[in-house]
>>> print(open('data-v4.cif').read())   # mmCIF, N, CA and C atoms
data_target
#
loop_
_atom_site.label_atom_id
_atom_site.label_comp_id
_atom_site.auth_asym_id
_atom_site.auth_seq_id
_atom_site.Cartn_x
_atom_site.Cartn_y
_atom_site.Cartn_z
N MET A 1 -9.76 -48.16 -23.07
CA MET A 1 -8.38 -47.76 -23.29
C MET A 1 -8.17 -47.55 -24.78
N ASN A 2 -7.47 -46.51 -25.13
CA ASN A 2 -7.23 -46.15 -26.52
C ASN A 2 -5.94 -46.83 -26.99
N ASN A 3 -6.03 -47.68 -28.00
CA ASN A 3 -4.87 -48.43 -28.48
C ASN A 3 -4.32 -47.93 -29.80
N ASP A 4 -4.67 -46.72 -30.24
CA ASP A 4 -4.18 -46.24 -31.53
C ASP A 4 -2.85 -45.49 -31.42
N ASN A 5 -2.16 -45.65 -30.30
CA ASN A 5 -0.85 -45.05 -30.04
C ASN A 5 -0.83 -43.52 -30.10
N SER A 6 -1.98 -42.88 -30.06
CA SER A 6 -2.00 -41.42 -30.00
C SER A 6 -2.03 -41.00 -28.53
N THR A 7 -1.43 -39.87 -28.26
CA THR A 7 -1.45 -39.37 -26.89
C THR A 7 -2.47 -38.26 -26.79
N GLU A 8 -3.23 -38.31 -25.76
CA GLU A 8 -4.25 -37.29 -25.55
C GLU A 8 -3.62 -36.14 -24.80
N ASP A 9 -3.83 -34.93 -25.32
CA ASP A 9 -3.28 -33.74 -24.68
C ASP A 9 -4.18 -33.37 -23.52
N ILE A 10 -3.64 -33.51 -22.32
CA ILE A 10 -4.44 -33.19 -21.14
C ILE A 10 -4.12 -31.79 -20.61
N THR A 11 -3.28 -31.03 -21.31
CA THR A 11 -2.95 -29.67 -20.91
C THR A 11 -4.15 -28.77 -21.19
N PRO A 12 -4.59 -28.01 -20.20
CA PRO A 12 -5.76 -27.16 -20.41
C PRO A 12 -5.40 -25.89 -21.19
N THR A 13 -5.11 -26.04 -22.48
CA THR A 13 -4.67 -24.90 -23.29
C THR A 13 -5.76 -23.87 -23.48
N ASN A 14 -7.00 -24.26 -23.37
CA ASN A 14 -8.08 -23.32 -23.56
C ASN A 14 -8.53 -22.67 -22.26
N ALA A 15 -7.97 -23.07 -21.14
CA ALA A 15 -8.35 -22.50 -19.86
C ALA A 15 -7.75 -21.11 -19.70
N THR A 16 -8.51 -20.20 -19.13
CA THR A 16 -7.99 -18.86 -18.87
C THR A 16 -7.25 -18.85 -17.54
N THR A 17 -6.39 -17.86 -17.39
CA THR A 17 -5.64 -17.75 -16.14
C THR A 17 -6.58 -17.62 -14.96
N SER A 18 -7.63 -16.82 -15.09
CA SER A 18 -8.54 -16.63 -13.96
C SER A 18 -9.28 -17.93 -13.62
N SER A 19 -9.62 -18.74 -14.62
CA SER A 19 -10.32 -19.98 -14.31
C SER A 19 -9.38 -21.00 -13.66
N ILE A 20 -8.14 -21.00 -14.05
CA ILE A 20 -7.17 -21.90 -13.43
C ILE A 20 -6.95 -21.52 -11.97
N LEU A 21 -7.02 -20.22 -11.67
CA LEU A 21 -6.75 -19.74 -10.32
C LEU A 21 -7.99 -19.63 -9.44
N ASP A 22 -9.15 -20.07 -9.94
CA ASP A 22 -10.36 -20.06 -9.11
C ASP A 22 -10.11 -20.84 -7.83
N GLY A 23 -10.46 -20.23 -6.71
CA GLY A 23 -10.29 -20.89 -5.42
C GLY A 23 -8.96 -20.63 -4.75
N PHE A 24 -7.99 -20.08 -5.49
CA PHE A 24 -6.69 -19.77 -4.91
C PHE A 24 -6.74 -18.40 -4.24
N GLU A 25 -5.88 -18.18 -3.26
CA GLU A 25 -5.72 -16.88 -2.62
C GLU A 25 -4.28 -16.43 -2.81
N PHE A 26 -4.08 -15.12 -2.96
CA PHE A 26 -2.73 -14.60 -3.04
C PHE A 26 -2.07 -14.74 -1.68
N VAL A 27 -0.82 -15.17 -1.67
CA VAL A 27 -0.05 -15.33 -0.45
C VAL A 27 0.92 -14.16 -0.36
N PRO A 28 0.80 -13.33 0.69
CA PRO A 28 1.69 -12.18 0.79
C PRO A 28 3.15 -12.61 0.97
N SER A 29 4.04 -11.87 0.35
CA SER A 29 5.46 -12.16 0.51
C SER A 29 5.93 -11.61 1.85
N ASP A 30 7.17 -11.93 2.19
CA ASP A 30 7.73 -11.41 3.44
C ASP A 30 7.86 -9.89 3.39
N GLY A 31 8.02 -9.36 2.20
CA GLY A 31 8.20 -7.92 2.03
C GLY A 31 6.89 -7.22 1.70
N VAL A 32 5.97 -7.19 2.65
CA VAL A 32 4.68 -6.54 2.44
C VAL A 32 4.90 -5.03 2.33
N PRO A 33 4.37 -4.39 1.29
CA PRO A 33 4.51 -2.93 1.18
C PRO A 33 3.86 -2.25 2.39
N ALA A 34 4.60 -1.37 3.04
CA ALA A 34 4.09 -0.72 4.25
C ALA A 34 4.68 0.68 4.41
N ILE A 35 3.92 1.51 5.09
CA ILE A 35 4.37 2.83 5.55
C ILE A 35 4.39 2.73 7.06
N ASN A 36 5.54 2.97 7.66
CA ASN A 36 5.67 2.85 9.11
C ASN A 36 5.80 4.22 9.75
N LEU A 37 5.12 4.42 10.87
CA LEU A 37 5.24 5.63 11.67
C LEU A 37 6.10 5.27 12.86
N ASP A 38 7.30 5.88 12.96
CA ASP A 38 8.25 5.48 14.00
C ASP A 38 8.20 6.36 15.24
N LYS A 39 9.05 6.06 16.21
CA LYS A 39 9.09 6.79 17.48
C LYS A 39 9.49 8.26 17.32
N GLN A 40 10.20 8.57 16.24
CA GLN A 40 10.59 9.96 15.98
C GLN A 40 9.52 10.71 15.19
N ARG A 41 8.35 10.10 15.06
CA ARG A 41 7.20 10.66 14.35
C ARG A 41 7.55 10.97 12.89
N ARG A 42 8.10 9.95 12.24
CA ARG A 42 8.41 10.02 10.81
C ARG A 42 7.72 8.86 10.12
N PHE A 43 7.26 9.11 8.90
CA PHE A 43 6.79 8.02 8.06
C PHE A 43 8.01 7.43 7.37
N TYR A 44 8.09 6.12 7.31
CA TYR A 44 9.14 5.45 6.55
C TYR A 44 8.46 4.58 5.50
N VAL A 45 8.90 4.72 4.25
CA VAL A 45 8.37 3.93 3.15
C VAL A 45 9.31 2.74 2.96
N ASN A 46 8.85 1.52 3.28
CA ASN A 46 9.75 0.37 3.16
C ASN A 46 10.05 0.06 1.69
N SER A 47 11.03 -0.80 1.45
CA SER A 47 11.50 -1.04 0.08
C SER A 47 10.41 -1.62 -0.82
N SER A 48 9.55 -2.47 -0.28
CA SER A 48 8.46 -3.01 -1.10
C SER A 48 7.48 -1.91 -1.50
N ALA A 49 7.19 -1.01 -0.57
CA ALA A 49 6.29 0.12 -0.88
C ALA A 49 6.96 1.10 -1.85
N GLN A 50 8.28 1.27 -1.72
CA GLN A 50 9.00 2.14 -2.66
C GLN A 50 8.81 1.65 -4.09
N LYS A 51 8.94 0.35 -4.27
CA LYS A 51 8.77 -0.25 -5.60
C LYS A 51 7.33 -0.14 -6.07
N LEU A 52 6.39 -0.45 -5.18
CA LEU A 52 4.97 -0.37 -5.54
C LEU A 52 4.58 1.05 -5.96
N LEU A 53 5.02 2.04 -5.18
CA LEU A 53 4.68 3.43 -5.46
C LEU A 53 5.51 4.02 -6.60
N GLY A 54 6.65 3.42 -6.86
CA GLY A 54 7.54 3.95 -7.89
C GLY A 54 8.11 5.31 -7.51
N ILE A 55 8.46 5.46 -6.23
CA ILE A 55 8.95 6.76 -5.77
C ILE A 55 10.47 6.78 -5.67
N ARG A 56 10.98 8.00 -5.67
CA ARG A 56 12.42 8.26 -5.57
C ARG A 56 12.63 9.33 -4.49
N PRO A 57 13.86 9.42 -3.95
CA PRO A 57 14.15 10.49 -2.99
C PRO A 57 13.85 11.87 -3.58
N TYR A 58 13.40 12.75 -2.71
CA TYR A 58 13.08 14.15 -2.99
C TYR A 58 11.79 14.33 -3.80
N GLN A 59 11.07 13.26 -4.00
CA GLN A 59 9.77 13.37 -4.65
C GLN A 59 8.76 13.88 -3.63
N ARG A 60 7.75 14.59 -4.11
CA ARG A 60 6.70 15.10 -3.23
C ARG A 60 5.45 14.25 -3.39
N LEU A 61 4.79 13.99 -2.26
CA LEU A 61 3.57 13.20 -2.24
C LEU A 61 2.53 13.89 -1.36
N ALA A 62 1.28 13.60 -1.59
CA ALA A 62 0.20 14.04 -0.71
C ALA A 62 -0.21 12.84 0.14
N ILE A 63 -0.50 13.11 1.40
CA ILE A 63 -0.97 12.04 2.29
C ILE A 63 -2.33 12.46 2.84
N LEU A 64 -3.28 11.56 2.71
CA LEU A 64 -4.63 11.76 3.23
C LEU A 64 -4.87 10.69 4.28
N TYR A 65 -5.78 10.95 5.22
CA TYR A 65 -6.02 10.01 6.30
C TYR A 65 -7.52 9.83 6.52
N ASP A 66 -7.93 8.60 6.73
CA ASP A 66 -9.30 8.25 7.07
C ASP A 66 -9.29 7.79 8.53
N PRO A 67 -9.68 8.67 9.48
CA PRO A 67 -9.61 8.29 10.88
C PRO A 67 -10.54 7.14 11.26
N ARG A 68 -11.67 6.99 10.60
CA ARG A 68 -12.59 5.89 10.92
C ARG A 68 -12.02 4.55 10.49
N GLY A 69 -11.46 4.49 9.29
CA GLY A 69 -10.88 3.25 8.79
C GLY A 69 -9.43 3.06 9.17
N ARG A 70 -8.83 4.11 9.75
CA ARG A 70 -7.41 4.13 10.12
C ARG A 70 -6.53 3.75 8.93
N CYS A 71 -6.78 4.47 7.83
CA CYS A 71 -6.06 4.23 6.57
C CYS A 71 -5.36 5.50 6.10
N LEU A 72 -4.18 5.32 5.54
CA LEU A 72 -3.48 6.39 4.84
C LEU A 72 -3.69 6.21 3.35
N ALA A 73 -3.87 7.31 2.65
CA ALA A 73 -3.86 7.28 1.19
C ALA A 73 -2.65 8.09 0.75
N ILE A 74 -1.78 7.48 -0.02
CA ILE A 74 -0.62 8.16 -0.58
C ILE A 74 -0.98 8.49 -2.02
N ALA A 75 -0.91 9.78 -2.35
CA ALA A 75 -1.34 10.22 -3.68
C ALA A 75 -0.24 11.00 -4.37
N ARG A 76 -0.11 10.75 -5.64
CA ARG A 76 0.80 11.55 -6.46
C ARG A 76 0.18 12.93 -6.60
N PRO A 77 0.99 13.98 -6.69
CA PRO A 77 0.45 15.35 -6.76
C PRO A 77 -0.60 15.55 -7.86
N GLU A 78 -0.42 14.93 -9.01
CA GLU A 78 -1.38 15.11 -10.10
C GLU A 78 -2.74 14.50 -9.79
N ALA A 79 -2.79 13.55 -8.86
CA ALA A 79 -4.06 12.92 -8.49
C ALA A 79 -4.93 13.83 -7.64
N VAL A 80 -4.31 14.77 -6.92
CA VAL A 80 -5.06 15.64 -6.02
C VAL A 80 -4.93 17.12 -6.38
N ALA A 81 -4.46 17.40 -7.58
CA ALA A 81 -4.20 18.79 -8.00
C ALA A 81 -5.43 19.67 -7.90
N ASP A 82 -6.60 19.12 -8.15
CA ASP A 82 -7.82 19.93 -8.12
C ASP A 82 -8.51 19.95 -6.75
N MET A 83 -7.90 19.35 -5.74
CA MET A 83 -8.48 19.35 -4.40
C MET A 83 -7.91 20.52 -3.61
N SER A 84 -8.78 21.31 -2.98
CA SER A 84 -8.35 22.55 -2.33
C SER A 84 -7.37 22.34 -1.18
N ASP A 85 -7.51 21.26 -0.42
CA ASP A 85 -6.63 21.02 0.73
C ASP A 85 -5.29 20.37 0.36
N ALA A 86 -5.11 20.03 -0.90
CA ALA A 86 -3.90 19.32 -1.32
C ALA A 86 -2.63 20.13 -1.07
N ALA A 87 -2.70 21.44 -1.13
CA ALA A 87 -1.51 22.27 -0.93
C ALA A 87 -0.96 22.15 0.48
N THR A 88 -1.81 21.80 1.45
CA THR A 88 -1.34 21.67 2.83
C THR A 88 -0.82 20.26 3.13
N SER A 89 -0.97 19.36 2.19
CA SER A 89 -0.50 17.98 2.37
C SER A 89 0.63 17.72 1.39
N ASN A 90 1.75 18.34 1.66
CA ASN A 90 2.88 18.28 0.75
C ASN A 90 4.06 17.65 1.49
N TYR A 91 4.27 16.36 1.30
CA TYR A 91 5.31 15.62 1.99
C TYR A 91 6.49 15.38 1.05
N ASN A 92 7.68 15.67 1.54
CA ASN A 92 8.90 15.47 0.77
C ASN A 92 9.57 14.18 1.24
N VAL A 93 9.83 13.27 0.31
CA VAL A 93 10.51 12.01 0.62
C VAL A 93 12.01 12.31 0.67
N ASP A 94 12.65 12.04 1.82
CA ASP A 94 14.08 12.33 1.90
C ASP A 94 14.91 11.19 1.28
N LYS A 95 16.22 11.34 1.31
CA LYS A 95 17.09 10.38 0.62
C LYS A 95 17.05 8.98 1.22
N ARG A 96 16.57 8.85 2.48
CA ARG A 96 16.43 7.54 3.11
C ARG A 96 14.97 7.07 3.16
N TYR A 97 14.11 7.74 2.42
CA TYR A 97 12.68 7.40 2.29
C TYR A 97 11.88 7.65 3.58
N TYR A 98 12.25 8.69 4.30
CA TYR A 98 11.48 9.15 5.46
C TYR A 98 10.74 10.42 5.08
N MET A 99 9.62 10.66 5.78
CA MET A 99 8.86 11.92 5.65
C MET A 99 8.45 12.32 7.06
N SER A 100 8.56 13.59 7.37
CA SER A 100 8.15 14.07 8.69
C SER A 100 6.65 13.83 8.89
N ALA A 101 6.28 13.35 10.08
CA ALA A 101 4.88 13.09 10.38
C ALA A 101 4.49 13.65 11.74
N ARG A 102 5.21 14.67 12.21
CA ARG A 102 4.94 15.24 13.53
C ARG A 102 3.51 15.77 13.64
N LYS A 103 3.10 16.55 12.67
CA LYS A 103 1.75 17.12 12.70
C LYS A 103 0.69 16.02 12.61
N PHE A 104 0.92 15.04 11.75
CA PHE A 104 0.00 13.91 11.62
C PHE A 104 -0.17 13.20 12.96
N ALA A 105 0.95 12.85 13.62
CA ALA A 105 0.91 12.12 14.89
C ALA A 105 0.16 12.92 15.95
N ALA A 106 0.38 14.23 15.99
CA ALA A 106 -0.30 15.07 16.97
C ALA A 106 -1.79 15.20 16.67
N MET A 107 -2.14 15.40 15.41
CA MET A 107 -3.55 15.60 15.02
C MET A 107 -4.40 14.36 15.28
N TYR A 108 -3.82 13.18 15.06
CA TYR A 108 -4.61 11.96 15.12
C TYR A 108 -4.29 11.07 16.33
N GLY A 109 -3.50 11.58 17.26
CA GLY A 109 -3.28 10.89 18.52
C GLY A 109 -2.42 9.64 18.47
N TYR A 110 -1.46 9.63 17.58
CA TYR A 110 -0.52 8.50 17.53
C TYR A 110 0.61 8.78 18.51
N ASP A 111 0.62 8.04 19.60
CA ASP A 111 1.58 8.20 20.69
C ASP A 111 2.93 7.61 20.29
N SER A 112 3.97 8.42 20.31
CA SER A 112 5.29 7.93 19.90
C SER A 112 5.82 6.85 20.84
N ASP A 113 5.34 6.82 22.09
CA ASP A 113 5.77 5.78 23.03
C ASP A 113 5.24 4.40 22.63
N LYS A 114 4.17 4.36 21.83
CA LYS A 114 3.59 3.09 21.39
C LYS A 114 4.03 2.72 19.98
N ALA A 115 4.87 3.53 19.38
CA ALA A 115 5.35 3.29 18.01
C ALA A 115 6.30 2.11 18.02
N PRO A 116 6.51 1.48 16.91
CA PRO A 116 6.08 1.89 15.57
C PRO A 116 4.67 1.39 15.23
N TYR A 117 4.03 2.13 14.33
CA TYR A 117 2.75 1.76 13.76
C TYR A 117 3.01 1.39 12.31
N SER A 118 2.39 0.34 11.85
CA SER A 118 2.62 -0.11 10.48
C SER A 118 1.31 -0.07 9.69
N PHE A 119 1.32 0.69 8.59
CA PHE A 119 0.20 0.77 7.67
C PHE A 119 0.56 -0.09 6.47
N GLU A 120 -0.17 -1.19 6.28
CA GLU A 120 0.14 -2.13 5.20
C GLU A 120 -0.72 -1.87 3.98
N TYR A 121 -0.15 -2.15 2.82
CA TYR A 121 -0.86 -1.91 1.56
C TYR A 121 -2.18 -2.65 1.53
N ASP A 122 -3.24 -1.92 1.15
CA ASP A 122 -4.58 -2.48 1.11
C ASP A 122 -5.14 -2.51 -0.32
N ARG A 123 -4.99 -1.40 -1.04
CA ARG A 123 -5.51 -1.33 -2.41
C ARG A 123 -4.97 -0.07 -3.08
N GLY A 124 -5.17 0.00 -4.40
CA GLY A 124 -4.71 1.16 -5.15
C GLY A 124 -5.64 1.47 -6.30
N SER A 125 -5.51 2.68 -6.83
CA SER A 125 -6.33 3.07 -7.97
C SER A 125 -5.79 2.41 -9.24
N SER A 126 -6.66 2.22 -10.20
CA SER A 126 -6.26 1.54 -11.43
C SER A 126 -5.26 2.36 -12.25
N ASP A 127 -5.24 3.68 -12.04
CA ASP A 127 -4.30 4.52 -12.79
C ASP A 127 -2.94 4.65 -12.12
N GLY A 128 -2.76 4.02 -10.94
CA GLY A 128 -1.47 4.03 -10.26
C GLY A 128 -1.11 5.35 -9.61
N LYS A 129 -2.11 6.17 -9.29
CA LYS A 129 -1.84 7.48 -8.69
C LYS A 129 -2.18 7.57 -7.21
N VAL A 130 -2.98 6.62 -6.71
CA VAL A 130 -3.39 6.63 -5.30
C VAL A 130 -3.24 5.22 -4.74
N PHE A 131 -2.66 5.14 -3.53
CA PHE A 131 -2.42 3.86 -2.87
C PHE A 131 -2.91 3.98 -1.43
N VAL A 132 -3.67 2.98 -0.99
CA VAL A 132 -4.24 3.00 0.36
C VAL A 132 -3.53 1.96 1.23
N PHE A 133 -3.15 2.41 2.42
CA PHE A 133 -2.47 1.57 3.41
C PHE A 133 -3.30 1.58 4.69
N ARG A 134 -3.61 0.40 5.21
CA ARG A 134 -4.43 0.27 6.42
C ARG A 134 -3.55 -0.07 7.62
N LEU A 135 -3.84 0.56 8.76
CA LEU A 135 -3.11 0.27 9.98
C LEU A 135 -3.22 -1.20 10.32
N ARG A 136 -2.12 -1.87 10.53
CA ARG A 136 -2.12 -3.30 10.85
C ARG A 136 -2.92 -3.52 12.13
N GLY A 137 -3.89 -4.44 12.04
CA GLY A 137 -4.72 -4.76 13.19
C GLY A 137 -5.92 -3.85 13.36
N ALA A 138 -6.07 -2.82 12.54
CA ALA A 138 -7.19 -1.88 12.71
C ALA A 138 -8.52 -2.56 12.49
N ASP A 139 -8.61 -3.45 11.51
CA ASP A 139 -9.89 -4.13 11.24
C ASP A 139 -10.28 -5.07 12.38
N LYS A 140 -9.31 -5.65 13.05
CA LYS A 140 -9.60 -6.54 14.18
C LYS A 140 -10.02 -5.74 15.40
N ALA A 141 -9.40 -4.57 15.61
CA ALA A 141 -9.69 -3.75 16.79
C ALA A 141 -11.08 -3.13 16.72
N GLU A 142 -11.57 -2.91 15.52
CA GLU A 142 -12.87 -2.24 15.36
C GLU A 142 -14.02 -3.22 15.42
N GLY A 143 -13.78 -4.52 15.16
CA GLY A 143 -14.85 -5.51 15.08
C GLY A 143 -15.33 -5.89 16.38
#
>>> encode(input="data-v4.cif", output="structure tokens")
Amino acid sequence: MNNDNSTEDITPTNATTSSILDGFEFVPSDGVPAINLDKQRRFYVNSSAQKLLGIRPYQRLAILYDPRGRCLAIARPEAVADMSDAATSNYNVDKRYYMSARKFAAMYGYDSDKAPYSFEYDRGSSDGKVFVFRLRGADKAEG
């Protein structure tokens, strides 16, 4: 026991944030960013996804789809400007954050009677121009 009346600083001031968080997992909030495909065959961008994407009404976005992974990629126009098919993937976000998805639902077999389908945020590009959303339960259904 130290009797010199000094207090030992036990605060890990030299520890990095990543070392302090080793072993921890991120806990998703109730407001998981998601793109929902509803019964009217519209994509809806929920409020958490609106904030994540930084989008506003009347903005245009490109949507790409990976049928094997059942993932949507939402891309800002500048991210896909040099891709030849980008001109055909031009979605307009309306004032209530809906986008028509009739062609998408028909092309990829999303039955409106089984809607809604929820694509939850999975990952994004480091430059903030592309965001990937995976169909909820898709990884479990494929395993």
>>> residues_around(input="data-v4.cif", residues="stretch 121-129 of chain A", least_positions_apart="6", cutoff="8 Å", atoms="only C-alpha atoms", output="PyMOL selection string")
chain A and resi 32-34+49+53+75-76+78-79
>>> closest_residue(input="data-v4.cif", among="A:Ile55, A:Tyr98, A:Asp85, A:Lys39", to="A:Lys114", atoms="only N, CA and C atoms")
A:Lys39
>>> select_by_dssp(input="data-v4.cif", residues="chain A", states="strand (DSSP E)", output="ChimeraX atom specification")
/A:34-37,42-45,60-66,71-75,91-92,98-100,117-124,130-135
>>> atom_distance(input="data-v4.cif", atom1="atom CA of A:Tyr117", atom2="atom CA of A:Lys51")
20.4 Å
>>> closest_residue(input="data-v4.cif", among="A:Asp82, A:Asp38, A:Asp66, A:Asp94", to="A:Ser112", atoms="all atoms listed in the file")
A:Asp38
>>> atom_distance(input="data-v4.cif", atom1="atom C of A:Pro116", atom2="atom CA of A:Arg134")
12.7 Å
>>> atom_distance(input="data-v4.cif", atom1="atom CA of A:Lys103", atom2="atom CA of A:Arg56")
22.9 Å
>>> resolve_selection(input="data-v4.cif", expression="the PyMOL selection byres ((chain A and resi 90) around 6.5)", output="PyMOL selection string")
chain A and resi 60-63+86-89+91-92
>>> resolve_selection(input="data-v4.cif", expression="the PyMOL selection byres ((chain A and resi 72) around 8)", output="list of chain:residue names")
A:Ile63, A:Leu64, A:Tyr65, A:Asp66, A:Pro67, A:Gly69, A:Arg70, A:Cys71, A:Ala73, A:Ile74, A:Ala75, A:Phe119, A:Glu120, A:Phe131, A:Val132, A:Phe133, A:Arg134, A:Leu135
>>> write_last_selection(input="data-v4.cif", atoms="N, CA and C atoms", output="short mmCIF file (atom, residue, chain, number, x, y, z; two decimals), keeping the file's coordinate frame")
data_model
loop_
_atom_site.label_atom_id
_atom_site.label_comp_id
_atom_site.auth_asym_id
_atom_site.auth_seq_id
_atom_site.Cartn_x
_atom_site.Cartn_y
_atom_site.Cartn_z
N ILE A 63 -0.50 13.11 1.40
CA ILE A 63 -0.97 12.04 2.29
C ILE A 63 -2.33 12.46 2.84
N LEU A 64 -3.28 11.56 2.71
CA LEU A 64 -4.63 11.76 3.23
C LEU A 64 -4.87 10.69 4.28
N TYR A 65 -5.78 10.95 5.22
CA TYR A 65 -6.02 10.01 6.30
C TYR A 65 -7.52 9.83 6.52
N ASP A 66 -7.93 8.60 6.73
CA ASP A 66 -9.30 8.25 7.07
C ASP A 66 -9.29 7.79 8.53
N PRO A 67 -9.68 8.67 9.48
CA PRO A 67 -9.61 8.29 10.88
C PRO A 67 -10.54 7.14 11.26
N GLY A 69 -11.46 4.49 9.29
CA GLY A 69 -10.88 3.25 8.79
C GLY A 69 -9.43 3.06 9.17
N ARG A 70 -8.83 4.11 9.75
CA ARG A 70 -7.41 4.13 10.12
C ARG A 70 -6.53 3.75 8.93
N CYS A 71 -6.78 4.47 7.83
CA CYS A 71 -6.06 4.23 6.57
C CYS A 71 -5.36 5.50 6.10
N ALA A 73 -3.87 7.31 2.65
CA ALA A 73 -3.86 7.28 1.19
C ALA A 73 -2.65 8.09 0.75
N ILE A 74 -1.78 7.48 -0.02
CA ILE A 74 -0.62 8.16 -0.58
C ILE A 74 -0.98 8.49 -2.02
N ALA A 75 -0.91 9.78 -2.35
CA ALA A 75 -1.34 10.22 -3.68
C ALA A 75 -0.24 11.00 -4.37
N PHE A 119 1.32 0.69 8.59
CA PHE A 119 0.20 0.77 7.67
C PHE A 119 0.56 -0.09 6.47
N GLU A 120 -0.17 -1.19 6.28
CA GLU A 120 0.14 -2.13 5.20
C GLU A 120 -0.72 -1.87 3.98
N PHE A 131 -2.66 5.14 -3.53
CA PHE A 131 -2.42 3.86 -2.87
C PHE A 131 -2.91 3.98 -1.43
N VAL A 132 -3.67 2.98 -0.99
CA VAL A 132 -4.24 3.00 0.36
C VAL A 132 -3.53 1.96 1.23
N PHE A 133 -3.15 2.41 2.42
CA PHE A 133 -2.47 1.57 3.41
C PHE A 133 -3.30 1.58 4.69
N ARG A 134 -3.61 0.40 5.21
CA ARG A 134 -4.43 0.27 6.42
C ARG A 134 -3.55 -0.07 7.62
N LEU A 135 -3.84 0.56 8.76
CA LEU A 135 -3.11 0.27 9.98
C LEU A 135 -3.22 -1.20 10.32
#
